[in-house]
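What follows is a short report on a single structure.
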Amino acid sequence: MTAPADTHSPAENPPAARGKRPKQGEPVIDRALSLLAVFTDRRRALTLSEMARFAQMPAPTALRLIARLVAWGALERLDDGRYVVGVRLWEIASLSPRGHGIREIALPYLEDLFEVTRHHVLLAVRDKDQAVLIERLSSKQATEVAYRVGGRLPLRSTAVGLVLMAGADAAFQEKILKEPAETEPGVAPMPEGQLRRTLSDVHRTGIAMIRRSAPSLTVSVAAPVFDAQGTVVAALSIVVPDGTTPPNVLAPAVMATARAVSRNLGYRTALAEDVRTLSDG
């Protein structure tokens with residue numbers, strides 16, 4: 001079946017790389033991964049020409065690589081000729097210890113917190129300079145939120161992002177602090193000085209809080225999840241309509257849930273060690 005014509009605007013459609021040769025020595029795997037990387041939340045089904053254009057790759061090269069990706073299961077071809085991400089990639093991604101492993105351990109505690117709040121309960125990990133949502137429990141009556149499981153979240157303007165950033169090393173924090181404050185709908189940009197103070201507060205209290213006005217009026221409260229080495233490996237949060245429950249009421253429940261998950265990952269606080277020593281003696 002003939003693939004449909006491109007419908008994206010010129011700004012979203014860079015010119016096709018006609019006759020362009022791959023970079024000297026560029027591995028085939030890199031070119032294949034660049035084709036997978038063209039898919040986003042807004043581009044979930046693409047034609048061959050669109051994939052080649054976004055990857056800045058000649059169409060014949062893209063066609064050969066796409067055929068191999070389809071054969072392996074990384075891509076699937078729809079009846080209308082467009083391509084989508086294949087289920088095989090989800091199977092592989094589900095084996096990630098930072099995703100599935102933490103999620104599997106945390107899920108029973110997330111479910112308990114969800115039963116109490118009946119709104120959104122989120123679990124996220126950091127990937128480079130963004131957060132990735134690895135679980136979200138939501139009721140049908142919960143207020144609208146912008147992020148989905150598998151989606152990426154900014155660090156500076158989300159509660160889970162602030163927790164993950166506060167738990168990162170100093171060099172990484174400085175890198176993010178020096179970057180321009182991003183503009184995200186519903187959240188006021190946080191300049192460097194304010195962000196420094198906020199990260200200090202998050203590190204001291206173990207809680208981050210963000211209010212936003214889009215896509216709905218919400219307040220998000222997040223706490224860190226630690227591994228056995230005391231490293232922040234995830235952030236856990238709840239998101240509720242702003243004005244329904246004060247953040248200081250939400251914070252203890254979020255912190256208690258995060259601590260429970262941390263304990264099951266092998267984390268022990270100094271207090272816990274003292275209590276265990278006394279019980280052993």
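We name chains A, B, ... following the order of the structure tokens; residues begin at 1 in each chain, and ligands are numbered from 1 as shown.
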For the structure I just gave you, how does DSSP split segment 33-261 of chain A - specifically, which residues are strand (DSSP E or B)? Reply as JSON, numbers by chain. {"A": [46, 75, 76, 77, 83, 84, 85, 120, 121, 122, 123, 124, 125, 126, 127, 130, 131, 132, 133, 134, 135, 136, 137, 152, 153, 184, 187, 208, 209, 210, 211, 212, 218, 219, 220, 221, 222, 223, 224, 225, 226, 232, 233, 234, 235, 236, 237, 238, 239, 240, 241]}
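The nearest approach to Ala32 of chain A among the residues A:Val125, A:Val149, A:Leu75, A:Ala258, with only C-alpha atoms taken into account, belongs to A:Leu75.
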Residues near Ala52 of chain A, anyone? I mean within 9 Å using only C-alpha atoms, not counting same-chain ones fewer than 2 positions away, as an MDAnalysis selection string. chainID A and resid 16:17 35 47:50 54:63
Could you pull the residues within 8 Å of Ala208 of chain A, counting only C-alpha atoms, minus those fewer than 6 positions along the same chain, as a compact mmCIF listing (two decimals) with C-alpha atoms, in the first residue's frame?
```txt
# COMPACT_ATOMS: atom_id res chain seq x y z
CA ALA A 159 8.84 17.54 41.95
CA VAL A 160 10.37 14.18 41.00
CA LEU A 162 13.98 18.27 41.76
CA VAL A 163 14.41 15.24 44.03
CA VAL A 202 15.07 19.41 49.12
CA VAL A 221 4.96 16.32 46.43
CA ALA A 222 7.98 14.02 45.95
CA ALA A 223 10.56 12.17 48.07
```
So, counting only C-alpha atoms, which residue among A:Ile102, A:Leu177, A:Val219, A:Ala170 is closest to Arg263 of chain A? A:Ile102
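The closest residue to Ala166 of chain A, picked from A:Lys178, A:Arg53, A:Arg126, A:Arg43 and counting only C-alpha atoms, is A:Arg126.
Going from atom CA of Lys128 of chain A over to atom CA of Ala45 of chain A, you cover 25.9 Å.
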Which residue, A:Arg156, A:Val225, A:Tyr147, A:Val240, has the smallest gap to Ala106 of chain A when you use only C-alpha atoms? A:Val225
With only C-alpha atoms as the atoms that count, which of A:Asn248, A:Thr269, A:Thr158, A:Thr183 lies nearest to Ser220 of chain A? A:Thr158
Do a neighbour search on Leu137 of chain A at 7 Å with only C-alpha atoms, toss out local chain neighbours closer than 6 positions, and write the hits as a PyMOL selection string. chain A and resi 114+120-122
Export, as a PDB file, in the first residue's frame, the selected residues with all heavy atoms.
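The result, written out as out.pdb:
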```
ATOM      1  N   PHE A 114      -1.660   4.904  46.627  1.00  0.00           N
ATOM      2  CA  PHE A 114      -2.748   5.227  45.713  1.00  0.00           C
ATOM      3  C   PHE A 114      -4.104   5.001  46.365  1.00  0.00           C
ATOM      4  O   PHE A 114      -5.037   5.798  46.204  1.00  0.00           O
ATOM      5  CB  PHE A 114      -2.622   4.381  44.444  1.00  0.00           C
ATOM      6  CG  PHE A 114      -3.806   4.495  43.522  1.00  0.00           C
ATOM      7  CD1 PHE A 114      -4.022   5.645  42.777  1.00  0.00           C
ATOM      8  CD2 PHE A 114      -4.718   3.453  43.415  1.00  0.00           C
ATOM      9  CE1 PHE A 114      -5.120   5.749  41.935  1.00  0.00           C
ATOM     10  CE2 PHE A 114      -5.809   3.541  42.581  1.00  0.00           C
ATOM     11  CZ  PHE A 114      -6.018   4.699  41.833  1.00  0.00           C
ATOM     12  N   HIS A 120      -2.970  10.681  41.525  1.00  0.00           N
ATOM     13  CA  HIS A 120      -1.817  10.158  40.786  1.00  0.00           C
ATOM     14  C   HIS A 120      -0.671   9.828  41.728  1.00  0.00           C
ATOM     15  O   HIS A 120      -0.322  10.633  42.595  1.00  0.00           O
ATOM     16  CB  HIS A 120      -1.317  11.190  39.765  1.00  0.00           C
ATOM     17  CG  HIS A 120      -2.339  11.600  38.750  1.00  0.00           C
ATOM     18  ND1 HIS A 120      -2.747  10.775  37.728  1.00  0.00           N
ATOM     19  CD2 HIS A 120      -3.021  12.766  38.601  1.00  0.00           C
ATOM     20  CE1 HIS A 120      -3.637  11.409  36.978  1.00  0.00           C
ATOM     21  NE2 HIS A 120      -3.819  12.608  37.503  1.00  0.00           N
ATOM     22  N   VAL A 121      -0.071   8.652  41.531  1.00  0.00           N
ATOM     23  CA  VAL A 121       1.147   8.263  42.235  1.00  0.00           C
ATOM     24  C   VAL A 121       2.196   7.961  41.158  1.00  0.00           C
ATOM     25  O   VAL A 121       1.958   7.136  40.273  1.00  0.00           O
ATOM     26  CB  VAL A 121       0.920   7.032  43.127  1.00  0.00           C
ATOM     27  CG1 VAL A 121       2.229   6.601  43.777  1.00  0.00           C
ATOM     28  CG2 VAL A 121      -0.130   7.338  44.192  1.00  0.00           C
ATOM     29  N   LEU A 122       3.348   8.642  41.236  1.00  0.00           N
ATOM     30  CA  LEU A 122       4.363   8.533  40.191  1.00  0.00           C
ATOM     31  C   LEU A 122       5.667   7.961  40.741  1.00  0.00           C
ATOM     32  O   LEU A 122       6.013   8.174  41.905  1.00  0.00           O
ATOM     33  CB  LEU A 122       4.666   9.911  39.579  1.00  0.00           C
ATOM     34  CG  LEU A 122       3.501  10.810  39.174  1.00  0.00           C
ATOM     35  CD1 LEU A 122       4.037  12.099  38.561  1.00  0.00           C
ATOM     36  CD2 LEU A 122       2.570  10.102  38.208  1.00  0.00           C
TER      37      LEU A 122
END
```
